[in-house]
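Trainee: Structure incoming, see below.
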Amino acid sequence: MAAHALYRRAIPSAARITHWNAPDGWTHRRFDWPAADGGRTRGAMLFQVGRGDIFEKYLESFAHWRACGWSITSFDWRGQGGSGRLTDDPHCGHIDSFDTYVDDLAAFAGEWQAQVKGPYVLIGHSMGGHLVLRALAEGRVAADAAVLVAPMLGLKAPISAGFGERAAGLLARLGPRARRAWRSNERPYTRRARQSLLTSDAARYEDELWWQAANPAHVAGPPSWAWMVEAFRSTRELLASPALATLDVPVQLLVADKDALVDPRAALKAAERLKRATLVRFGAEARHELLREADPVRNRAIAEIDRFLAEALAAA
């Protein structure tokens, strides 16, 4: 796996960065890295990143999966990365409704599946994991297997998620909903260094800073109050959805028990309700970004994903 480190700060020559227009005309930045010609073709993988992320952060993992025969595709979520902004503040990750994210994912996935050969795998990290599972549960997208990496199925909040949702709703009404929910960092009211929330691997964390310096316009910054309100609502409704128990898609959840950004307990609850769930847990050795962690954690995460996909697709 270490052989793929050369891709951490370079777009592969065989990859393409283009644009995709949603049905309403909104332009999204798109990444495609087709499987090698003449190589062993496994299928197509759509990888969706978390809030404020860019797909460049996962090139190392993409290189591993492409070497395994997968064609890799990703796109930046509306309002972040290279997919424009929904507010005049270029460093505020705003969205009107999480329904908009799901609409974008559904439209993109439909077109993507018409362009590439399956089987089709959806992988989502953090917010991407939430949106992948929600789109599957609502029947908006189809997949032969799905992987949720440190999924945002519940938010960290003081006292409880219910209290956090009520507080976010109140604060959102005290001013423009599109304003920043806090000044900087990944969480409000914390003095912990951003790296300590994301990964214990300093070199991989520096890769993200390198990409930010190379493309300052892709830096999203903190979420808006509207994003906060919607995140609480969408995660609450998904966790309570009866559709989780009937979803007939193999779903793997990789959960960091000490995750300081999302609530791992919510992911454990979702795993209990899902019809075809495979749960992989990490302890104190792991932070939020499992695929960008130190090698012992990252290598295990990659190996677990590869094993799951081999077994899930063999049984299909």
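Naming works like this for the structure tokens: A, B, ... for the chains as they're shown, residue 1 at the start of each chain, ligands 1 onward in shown order.
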List the neighbours of segment 80-87 of chain A out to 8 Å using only C-alpha atoms; skip same-chain residues closer than 5 positions along the sequence, and give me the result as an NGL selection string.

Mentor: :A and (27-29 or 51-54 or 92-95 or 178 or 217-220)

Trainee: Using only C-alpha atoms, determine which residues lie at most 8 Å from segment 144-159 of chain A, disregarding the query and same-chain residues fewer than 6 positions distant; provide the list as a VMD selection string.

Mentor: chain A and resid 119 to 130 132 to 133 231 to 232 235 to 236 238 to 239 249 to 256 259 to 267 270 288 to 290 305 309 312 to 313 316

Trainee: Okay, now the selection with N, CA and C atoms, as a CSV table (one decimal), in the first residue's frame?

Mentor:
chain,number,residue,atom,x,y,z
A,119,PRO,N,-19.9,-4.3,-11.2
A,119,PRO,CA,-20.8,-3.9,-10.1
A,119,PRO,C,-20.5,-2.5,-9.6
A,120,TYR,N,-21.5,-1.9,-8.9
A,120,TYR,CA,-21.4,-0.5,-8.5
A,120,TYR,C,-21.2,-0.5,-6.9
A,121,VAL,N,-20.2,0.2,-6.5
A,121,VAL,CA,-19.9,0.4,-5.1
A,121,VAL,C,-20.0,1.8,-4.7
A,122,LEU,N,-20.7,2.2,-3.6
A,122,LEU,CA,-20.7,3.5,-3.1
A,122,LEU,C,-19.9,3.5,-1.8
A,123,ILE,N,-19.0,4.5,-1.7
A,123,ILE,CA,-18.2,4.7,-0.5
A,123,ILE,C,-18.4,6.1,0.0
A,124,GLY,N,-18.7,6.3,1.2
A,124,GLY,CA,-18.9,7.7,1.8
A,124,GLY,C,-18.1,7.8,3.1
A,125,HIS,N,-17.4,8.9,3.2
A,125,HIS,CA,-16.7,9.2,4.4
A,125,HIS,C,-17.5,10.3,5.1
A,126,SER,N,-17.7,10.2,6.4
A,126,SER,CA,-18.3,11.2,7.3
A,126,SER,C,-19.7,11.7,6.8
A,127,MET,N,-19.8,12.9,6.4
A,127,MET,CA,-21.0,13.4,5.8
A,127,MET,C,-21.4,12.6,4.6
A,128,GLY,N,-20.4,12.3,3.8
A,128,GLY,CA,-20.6,11.5,2.6
A,128,GLY,C,-21.2,10.1,2.9
A,129,GLY,N,-20.8,9.5,4.1
A,129,GLY,CA,-21.4,8.3,4.5
A,129,GLY,C,-22.9,8.4,4.9
A,130,HIS,N,-23.2,9.5,5.5
A,130,HIS,CA,-24.6,9.8,5.9
A,130,HIS,C,-25.4,9.9,4.6
A,132,VAL,N,-24.8,8.9,1.5
A,132,VAL,CA,-24.9,7.6,0.8
A,132,VAL,C,-26.0,6.7,1.4
A,133,LEU,N,-25.9,6.6,2.8
A,133,LEU,CA,-26.9,5.7,3.4
A,133,LEU,C,-28.3,6.3,3.3
A,231,ALA,N,-28.1,19.2,9.4
A,231,ALA,CA,-27.4,18.0,9.8
A,231,ALA,C,-28.0,17.3,10.9
A,232,PHE,N,-28.5,18.0,11.9
A,232,PHE,CA,-29.2,17.4,13.0
A,232,PHE,C,-30.5,16.8,12.6
A,235,THR,N,-29.8,13.6,10.2
A,235,THR,CA,-29.3,12.4,10.9
A,235,THR,C,-30.4,11.8,11.8
A,236,ARG,N,-31.1,12.7,12.5
A,236,ARG,CA,-32.2,12.2,13.3
A,236,ARG,C,-33.2,11.4,12.5
A,238,LEU,N,-32.9,9.9,9.6
A,238,LEU,CA,-32.4,8.7,9.0
A,238,LEU,C,-32.3,7.6,10.0
A,239,LEU,N,-31.8,8.0,11.2
A,239,LEU,CA,-31.6,6.9,12.3
A,239,LEU,C,-33.0,6.3,12.7
A,249,VAL,N,-29.2,-4.1,0.8
A,249,VAL,CA,-27.8,-3.8,0.2
A,249,VAL,C,-26.8,-4.1,1.3
A,250,PRO,N,-25.8,-4.8,1.0
A,250,PRO,CA,-24.7,-5.1,1.9
A,250,PRO,C,-24.0,-3.7,2.3
A,251,VAL,N,-24.0,-3.4,3.6
A,251,VAL,CA,-23.4,-2.1,4.0
A,251,VAL,C,-22.4,-2.4,5.1
A,252,GLN,N,-21.2,-1.9,4.8
A,252,GLN,CA,-20.1,-2.0,5.8
A,252,GLN,C,-19.9,-0.7,6.5
A,253,LEU,N,-19.8,-0.7,7.8
A,253,LEU,CA,-19.6,0.6,8.6
A,253,LEU,C,-18.3,0.4,9.3
A,254,LEU,N,-17.4,1.4,9.1
A,254,LEU,CA,-16.1,1.4,9.8
A,254,LEU,C,-16.2,2.6,10.8
A,255,VAL,N,-16.1,2.3,12.1
A,255,VAL,CA,-16.4,3.2,13.1
A,255,VAL,C,-15.3,3.4,14.1
A,256,ALA,N,-14.9,4.6,14.3
A,256,ALA,CA,-13.8,4.9,15.3
A,256,ALA,C,-14.5,5.2,16.6
A,259,ASP,N,-14.0,8.7,18.0
A,259,ASP,CA,-14.2,9.8,17.1
A,259,ASP,C,-14.7,11.0,17.8
A,260,ALA,N,-14.0,12.1,17.6
A,260,ALA,CA,-14.3,13.4,18.3
A,260,ALA,C,-15.1,14.3,17.4
A,261,LEU,N,-15.4,13.9,16.1
A,261,LEU,CA,-16.2,14.8,15.2
A,261,LEU,C,-17.6,14.3,15.0
A,262,VAL,N,-17.8,13.0,14.9
A,262,VAL,CA,-19.2,12.5,14.8
A,262,VAL,C,-19.4,11.6,15.9
A,263,ASP,N,-20.7,11.2,16.1
A,263,ASP,CA,-21.1,10.4,17.3
A,263,ASP,C,-21.0,8.9,16.9
A,264,PRO,N,-20.0,8.2,17.3
A,264,PRO,CA,-20.0,6.8,16.9
A,264,PRO,C,-21.1,5.9,17.4
A,265,ARG,N,-21.8,6.3,18.5
A,265,ARG,CA,-22.9,5.6,19.0
A,265,ARG,C,-24.0,5.5,18.0
A,266,ALA,N,-24.2,6.6,17.3
A,266,ALA,CA,-25.3,6.6,16.3
A,266,ALA,C,-25.0,5.6,15.2
A,267,ALA,N,-23.7,5.5,14.8
A,267,ALA,CA,-23.4,4.5,13.7
A,267,ALA,C,-23.6,3.1,14.3
A,270,ALA,N,-27.2,2.4,14.0
A,270,ALA,CA,-27.6,2.1,12.6
A,270,ALA,C,-27.2,0.7,12.2
A,288,HIS,N,-10.8,10.4,13.3
A,288,HIS,CA,-11.9,10.5,12.4
A,288,HIS,C,-11.6,10.0,11.0
A,289,GLU,N,-10.4,10.4,10.4
A,289,GLU,CA,-10.1,10.1,9.0
A,289,GLU,C,-9.4,8.7,8.9
A,290,LEU,N,-10.1,7.7,9.0
A,290,LEU,CA,-9.6,6.3,9.0
A,290,LEU,C,-8.7,6.0,7.8
A,305,ILE,N,-12.2,-3.2,4.0
A,305,ILE,CA,-13.0,-2.8,2.9
A,305,ILE,C,-12.8,-3.8,1.8
A,309,LEU,N,-15.8,-6.1,0.3
A,309,LEU,CA,-16.3,-6.0,-1.1
A,309,LEU,C,-16.2,-7.4,-1.8
A,312,ALA,N,-19.0,-9.5,-0.4
A,312,ALA,CA,-20.4,-9.1,-0.7
A,312,ALA,C,-20.7,-9.2,-2.2
A,313,LEU,N,-19.7,-9.0,-3.0
A,313,LEU,CA,-20.0,-9.1,-4.5
A,313,LEU,C,-19.9,-10.5,-5.0
A,316,ALA,N,-23.4,-11.8,-4.5
A,316,ALA,CA,-24.4,-11.1,-5.3
A,316,ALA,C,-24.9,-12.0,-6.4

Trainee: Neighbouring residues of Lys258 of chain A were defined as those with any atom within 7 Å, considering only C-alpha atoms; residues of the same chain fewer than 5 positions away were excluded. Please report them as JSON, numbers by chain.

Mentor: {"A": [283, 284, 287]}

Trainee: Among segment 60-254 of chain A, which residues does DSSP mark as strand (DSSP E or B) when it is run on the backbone? Keep the chain and numbering as in the structure and answer as a list of chain:residue names.

Mentor: A:Trp70, A:Ser71, A:Ile72, A:Thr73, A:Ser74, A:Phe75, A:Gly93, A:Tyr120, A:Val121, A:Leu122, A:Ile123, A:Gly124, A:His125, A:Ala145, A:Ala146, A:Val147, A:Leu148, A:Val149, A:Leu155, A:Arg180, A:Pro223, A:Ser224, A:Val251, A:Gln252, A:Leu253, A:Leu254

Trainee: For atom CA of Ala106 of chain A and atom CA of Ala271 of chain A, determine how far apart the two atoms are, in Å to one decimal place.

Mentor: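 Atom-to-atom, atom CA of Ala106 of chain A to atom CA of Ala271 of chain A, that is 22.8 Å.
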
Trainee: With only C-alpha atoms as the basis for distance, which of A:Asp99, A:Asp88, A:Glu208, A:Asp32 is at the shortest distance from Ser74 of chain A?

Mentor: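 Selected residue with least distance to Ser74 of chain A: A:Asp32.
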